[in-house]
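K.L.:
Handing you this structure, nothing more for now.
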Amino acid sequence: GKILVVAEKPSVGRDIARVLGCRQKGEGCLIGEQYIVSWAVGHLVALCDPEDYAPELKKWRFDTLPIMPQQMRLKQIYATRDQLQVLRRLMDSSEVDSLVCATDSGREGELIFRYIYQLCGYRKPFDRLWVSSMTDSAIREGFARLTPGEQYDQLFYSARCRSEADWLVGINASRAYTLKYNTLLSIGRVQTPTLAIIVQRAQEIAAFVPEEYFELKADFGAYWGLWQAKDGKTTRITTQAAAKELAARVQGQPSRVISVQREEKSQPPPLLYDLTELQRDCNKRFGFSAQKTLNIAQSLYETKKLITYPRTDSRYLSDDLLPLLPDRIKNLAHLEEFAEAARPLLPPHRINPGKRVIDNGKITDHHAIIPTDGALRLNNLTPDEYKVFRLIALRFLAVFYPPYVYASTKVLTEAAGENFVSRGQEVLRPGWTELYRGMPENEAENTRAKKGKADKEEQKLPNLAEGDTAQVDRTEVRRKKTQPPKPYTEAGLLSAMENAGRFVEDEALKEQLKESGLGTPATRAAIIERLLQVGYIQRKGKALIPTEKGEKLIQVVPPEMKSPETTGKWERGLSAIAAGRMSSEVFMGSIRRYVQFLVRDCSTSTRFVQFPEEAGRRRRRTPRKSAGA
């Protein structure tokens with residue numbers, strides 16, 4: 001009999017079919033001598049809606065909450081039912097002896113296949129294709145070392161728990177709060193704490209009261225310094241009168257260098273990209289949204305075959321890749337854009353990646369994002385695809401470069417009994433930073449950064465020694481104000497979601513949350529887009545600003561619903577299920593208790609607010625006073 005291969009998307013299915021020699025077209029599939037390759041179209045199967053369990057649950061009523069089916073059931077997604085029927089027929093066919101799961105190698109890909117497998121009633125064992133790139137050689141190698149599907153059972157249990165938890169929390173909380181406040185409210189296990197982070201920052205900005213202070217700048221001819229308190233802790237002067245008095249006292253006075261501290265510092269190359277770091281960098285440099293970066297990276301992986309699996313949370317490589325790295329560098333050296341950057345890494349030079357590059361202990365499902373081992377063709381890339389690929393390629397080369405080495409100098413100068421501090425920085429060896437010279441986006445960013453720093457304290461210092469004398473040629477009193485926190489950009493929000501532990505006060509839990517956060521690299525972009533779609537936040541330039549509706553929602557939900565601590569614990573639980581350290585039953589038991597709490601809290605809450613009117617939606621003027629009202 002033949003082997004049925006199920007891919008996640010038609011484009012991936014066609015690539016696999018070509019490698020396996022499946023050239024005969026069938027209905028929703030490609031057929032070869034040994035294999036039949038078919039595909040999903042993303043999700044073909046979903047969890048049933050409340051009304052599928054009982055018709056009366058279609059109507060939103062408080063007395064039917066919480067809705068918690070004993071056994072969660074599956075149903076086909078109507079729009080893609082034809083392709084599901086194709087897969088069902090193929091699985092039932094006497095021509096098919098066995099099955100290969102070839103969906104994306106990750107939690108969601110596993111869920112897509114297992115839900116299809118379950119709904120179609122297939123019972124035979126299957127094998128799992130697990131690859132980190134979609135090149136022909138990677139596909140061939142993957143089929144040469146297929147893994148029994150049961151080895152990924154724990155990953156599926158984790159994915160199923162994530163899916164069912166989101167359903168239970170989302171359905172029940174959204175219905176409860178919509179009924180209570182008589183306006184359509186979407187509440188989610190991850191989206192609501194993410195919204196709370198944005199709202200909290202907006203509140204900090206609104207509550208911020210700027211404080212005025214002054215700085216005194218003294219010009220010593222060849223360099224300048226800022227007045228500094230004797231304890232060395234501040235350059236701020238509280239009043240203009242005090243600053244002017246100091247300026248008058250030192251003006252024209254002789255000065256003497258009382259100390260010179262010069263320290264050589266080293267900055268290693270940044271780690272390789274995982275998805276979140278790539279999204280952050282693309283947002284900072286190009287203004288790309290997290291979703292746009294993910295879409296481009298997915299295209300570079302699936303269609304263009306230029307990068308490895310992008311939905312990864314690791315920034316390291318496994319040691320089995322070590323012998324393959326020289327060839328990947330050589331591939332980049334063949335491209336004009338990267339030839340100069342790759343040249344110092346080619347033979348007779350040897351690369352010596354350390355623990356910052358190769359570390360098996362820091363890899364979960366997939367290693368960091370790097371260029372593939374196939375022929376790299378860039379001529380058919382869009383401008384945006386090229387920008388993202390260039391960042392990945394340069395980061396891959398940069399990790400093998402030496403550190404950036406610079407000298408940091410701090411000079412203290414005394415005049416009329418007052419101290420002035422001067423700071424300077426000198427590049428000794430550019431190291432990996434050499435690769436980024438000439439990048440327009442980087443230059444623009446650096447220019448802004450340097451301008452801001454120079455205005456503050458950095459300068460090019462002359463060669464000074466203790467005891468050198470000069471004179472205060474000129475003074476300048478500068479009026480300053482303390483600055484409020486900045487609104488979140490997508491780059492900043494991705495960092496906040498990844499590091500949810502920093503919003504938690506409990507030290508033990510903070511430590512535990514280092515390995516989990518809000519959402520996963522694969523889902524964070526969709527969460528941000530969802531918040532925009534439901535009108536809880538809006539974009540203002542690069543900033544993400546909460547709307548009135550978003551702010552009011554955070555006012556009425558209980559602390560547990562908006563706390564990153566709660567969701568961080570769940571993400572940690574899902575990881576524990578995937579690793580076999582926790583049972584699905586224990587996890588789902590905690591979710592069901594939480595849903596009961598949410599509904600009870602909503603029905604008894606006295607937190608009443610009036611949500612803004614929404615176009616096209618009629619409603620009563622006041623919120624409901626009780627659950628049954």
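Labels for the structure tokens follow display order: chains A, B, ..., residues from 1 in each chain, ligands from 1.
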List every residue of range 339-424 of chain A that DSSP, applied to the backbone of this structure, assigns to strand (DSSP E or B), and report them as a VMD selection string.
P.N.:
chain A and resid 358 369 371 404 to 415 418 to 424
K.L.:
Counting only C-alpha atoms, what are the residues of range 378-482 of chain A within 9 Å of range 265-285 of chain A, and for each of them which pair of atoms is the nearest and at what distance in Å, to one decimal? Sort the table by chain and rising number, as JSON lines.
P.N.:
{"residue": "A:Lys387", "atom": "CA", "partner": "A:Cys282", "partner_atom": "CA", "distance": 8.6}
{"residue": "A:Val388", "atom": "CA", "partner": "A:Cys282", "partner_atom": "CA", "distance": 7.2}
{"residue": "A:Leu391", "atom": "CA", "partner": "A:Leu278", "partner_atom": "CA", "distance": 8.3}
{"residue": "A:Ile392", "atom": "CA", "partner": "A:Tyr273", "partner_atom": "CA", "distance": 7.1}
{"residue": "A:Arg395", "atom": "CA", "partner": "A:Leu272", "partner_atom": "CA", "distance": 6.1}
{"residue": "A:Phe396", "atom": "CA", "partner": "A:Leu272", "partner_atom": "CA", "distance": 6.4}
{"residue": "A:Ala398", "atom": "CA", "partner": "A:Pro269", "partner_atom": "CA", "distance": 6.2}
{"residue": "A:Val399", "atom": "CA", "partner": "A:Pro269", "partner_atom": "CA", "distance": 5.3}
{"residue": "A:Phe400", "atom": "CA", "partner": "A:Pro269", "partner_atom": "CA", "distance": 7.9}
{"residue": "A:Tyr401", "atom": "CA", "partner": "A:Pro269", "partner_atom": "CA", "distance": 7.1}
{"residue": "A:Pro402", "atom": "CA", "partner": "A:Pro268", "partner_atom": "CA", "distance": 7.1}
{"residue": "A:Pro403", "atom": "CA", "partner": "A:Pro268", "partner_atom": "CA", "distance": 4.3}
{"residue": "A:Tyr404", "atom": "CA", "partner": "A:Gln267", "partner_atom": "CA", "distance": 5.0}
{"residue": "A:Val405", "atom": "CA", "partner": "A:Ser266", "partner_atom": "CA", "distance": 4.5}
{"residue": "A:Tyr406", "atom": "CA", "partner": "A:Lys265", "partner_atom": "CA", "distance": 5.4}
{"residue": "A:Ala407", "atom": "CA", "partner": "A:Lys265", "partner_atom": "CA", "distance": 6.0}
{"residue": "A:Ser408", "atom": "CA", "partner": "A:Lys265", "partner_atom": "CA", "distance": 7.0}
{"residue": "A:Gly431", "atom": "CA", "partner": "A:Pro269", "partner_atom": "CA", "distance": 8.4}
{"residue": "A:Trp432", "atom": "CA", "partner": "A:Pro269", "partner_atom": "CA", "distance": 6.0}
{"residue": "A:Thr433", "atom": "CA", "partner": "A:Pro269", "partner_atom": "CA", "distance": 8.0}
{"residue": "A:Glu441", "atom": "CA", "partner": "A:Arg285", "partner_atom": "CA", "distance": 5.8}
{"residue": "A:Asn442", "atom": "CA", "partner": "A:Arg285", "partner_atom": "CA", "distance": 7.0}
{"residue": "A:Glu445", "atom": "CA", "partner": "A:Arg285", "partner_atom": "CA", "distance": 7.6}
K.L.:
Excluding Asn331 in chain A and residues on its chain fewer than 4 positions from it, collect all residues at most 9 Å away from it, counting only C-alpha atoms, and give them as number ranges by chain.
P.N.:
A: 326-327, 335, 372-376
K.L.:
Report as a list in words all protein, DNA and RNA residues lying within 10 Å of Arg145 in chain A, evaluated on only C-alpha atoms, omitting residues in the same chain fewer than 2 positions from it.
P.N.:
Asp127, Arg128, Leu129, Trp130, Arg140, Glu141, Gly142, Phe143, Thr147 and Pro148 of chain A
K.L.:
Please dump the current selection as a short mmCIF file (atom, residue, chain, number, x, y, z; two decimals), in the first residue's frame; keep C-alpha atoms.
P.N.:
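This is the output file result15.cif:
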data_model
loop_
_atom_site.label_atom_id
_atom_site.label_comp_id
_atom_site.auth_asym_id
_atom_site.auth_seq_id
_atom_site.Cartn_x
_atom_site.Cartn_y
_atom_site.Cartn_z
CA ASP A 127 5.07 8.68 11.52
CA ARG A 128 6.16 12.27 12.06
CA LEU A 129 8.25 14.37 9.67
CA TRP A 130 10.22 16.91 11.72
CA ARG A 140 14.84 14.04 1.88
CA GLU A 141 16.81 13.79 5.11
CA GLY A 142 13.63 14.16 7.15
CA PHE A 143 11.93 11.28 5.32
CA THR A 147 9.85 9.35 13.94
CA PRO A 148 6.90 7.35 15.32
#
K.L.:
Return the single residue from A:Arg88, A:Leu394, A:Leu306, A:Ala54 that is closest to Asn379 in chain A, with distances computed using only C-alpha atoms.
P.N.:
A:Leu306
K.L.:
Can you work out the spacing between CA of Ser495 in chain A and CA of Thr308 in chain A in Å, to one decimal?
P.N.:
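Taking CA of Ser495 in chain A as the start and CA of Thr308 in chain A as the end point, the length is 22.5 Å.
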K.L.:
Measuring between only C-alpha atoms, which one of A:Thr135, A:Thr235, A:Thr409, A:Ser584 shows the shortest distance to Arg18 in chain A?
P.N.:
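With only C-alpha atoms as the atom set, the closest residue is A:Thr135.
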K.L.:
Ranking A:Arg256, A:Ser132, A:Leu195, A:Ala543 by minimum distance to Leu321 in chain A and counting only C-alpha atoms, which one comes first?
P.N.:
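Smallest distance to Leu321 in chain A is found for A:Ser132.
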K.L.:
As a ChimeraX atom specification, please: all residues of range 149-259 of chain A that backbone DSSP puts in helix (DSSP H, G or I).
P.N.:
/A:149-181,191-207,240-250
K.L.:
Nearest residue to Ile197 in chain A out of A:Ser98, A:Ser563, A:Ser137, A:Thr239, using only C-alpha atoms?
P.N.:
A:Ser563
K.L.:
So the first atom is CA of Gly354 in chain A and the second is CA of Ile370 in chain A; what is the distance between them in Å, to one decimal place?
P.N.:
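Pair CA of Gly354 in chain A / CA of Ile370 in chain A returns 16.5 Å.
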K.L.:
Leaving out Thr413 in chain A and any residue of its chain fewer than 6 positions from it, which residues lie within 6 Å of it when counting only C-alpha atoms, given as JSON, numbers by chain?
P.N.:
{"A": [256, 257, 258, 419, 420]}
K.L.:
Write a file of the selected residues as a PDB file, in the first residue's frame, keeping C-alpha atoms.
P.N.:
ATOM      1  CA  ARG A 256      42.798  70.994  36.769  1.00  0.00           C
ATOM      2  CA  VAL A 257      42.239  67.353  35.773  1.00  0.00           C
ATOM      3  CA  ILE A 258      41.971  65.447  39.078  1.00  0.00           C
ATOM      4  CA  ASN A 419      33.785  68.935  39.918  1.00  0.00           C
ATOM      5  CA  PHE A 420      32.927  68.480  36.252  1.00  0.00           C
TER       6      PHE A 420
END
K.L.:
Between A:Gln151, A:Thr475, A:Ser174, A:Glu418, which is the closest to Asp231 in chain A once you count only C-alpha atoms?
P.N.:
A:Glu418
K.L.:
Can you work out the spacing between CA of Leu300 in chain A and CA of Asp153 in chain A in Å, to one decimal?
P.N.:
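So the two atoms, CA of Leu300 in chain A and CA of Asp153 in chain A, lie 29.1 Å apart.
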K.L.:
I'd like to know which of A:Tyr177, A:Phe220, A:Phe389, A:Phe214 is closest to Ala415 in chain A, using only C-alpha atoms.
P.N.:
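Using only C-alpha atoms, Ala415 in chain A sits closest to A:Phe220.
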K.L.:
Can you build me a table of range 115-195 of chain A residues sitting at most 10 Å from range 595-603 of chain A, with the closest atom pair per residue and its distance in Å to one decimal, using only C-alpha atoms, sorted by chain and residue number, as JSON lines?
P.N.:
{"residue": "A:Ala165", "atom": "CA", "partner": "A:Val595", "partner_atom": "CA", "distance": 9.3}
{"residue": "A:Leu168", "atom": "CA", "partner": "A:Val595", "partner_atom": "CA", "distance": 6.9}
{"residue": "A:Val169", "atom": "CA", "partner": "A:Val595", "partner_atom": "CA", "distance": 5.9}
{"residue": "A:Gly170", "atom": "CA", "partner": "A:Val595", "partner_atom": "CA", "distance": 9.3}
{"residue": "A:Ile171", "atom": "CA", "partner": "A:Val595", "partner_atom": "CA", "distance": 9.7}
{"residue": "A:Asn172", "atom": "CA", "partner": "A:Val599", "partner_atom": "CA", "distance": 7.0}
{"residue": "A:Ala173", "atom": "CA", "partner": "A:Val599", "partner_atom": "CA", "distance": 6.6}
{"residue": "A:Ser174", "atom": "CA", "partner": "A:Val599", "partner_atom": "CA", "distance": 9.8}
{"residue": "A:Arg175", "atom": "CA", "partner": "A:Val599", "partner_atom": "CA", "distance": 9.2}
{"residue": "A:Ala176", "atom": "CA", "partner": "A:Val599", "partner_atom": "CA", "distance": 6.3}
{"residue": "A:Tyr177", "atom": "CA", "partner": "A:Cys602", "partner_atom": "CA", "distance": 6.7}
{"residue": "A:Leu179", "atom": "CA", "partner": "A:Ser603", "partner_atom": "CA", "distance": 9.7}
{"residue": "A:Lys180", "atom": "CA", "partner": "A:Ser603", "partner_atom": "CA", "distance": 7.5}
K.L.:
Would you mind listing what lies within 6 Å of range 240-255 of chain A as a compact mmCIF listing (two decimals) with C-alpha atoms, in the first residue's frame, with only C-alpha atoms counted and same-chain residues fewer than 4 positions away left out?
P.N.:
# COMPACT_ATOMS: atom_id res chain seq x y z
CA GLU A 414 38.02 70.64 39.15
CA ALA A 415 37.39 74.38 38.84
CA ALA A 416 36.75 76.75 41.78
CA THR A 469 45.47 72.41 33.58
CA ALA A 470 43.16 74.60 31.51
CA GLN A 471 40.58 77.33 32.08
CA VAL A 472 36.80 77.57 32.03
CA ASP A 473 36.34 79.45 28.75
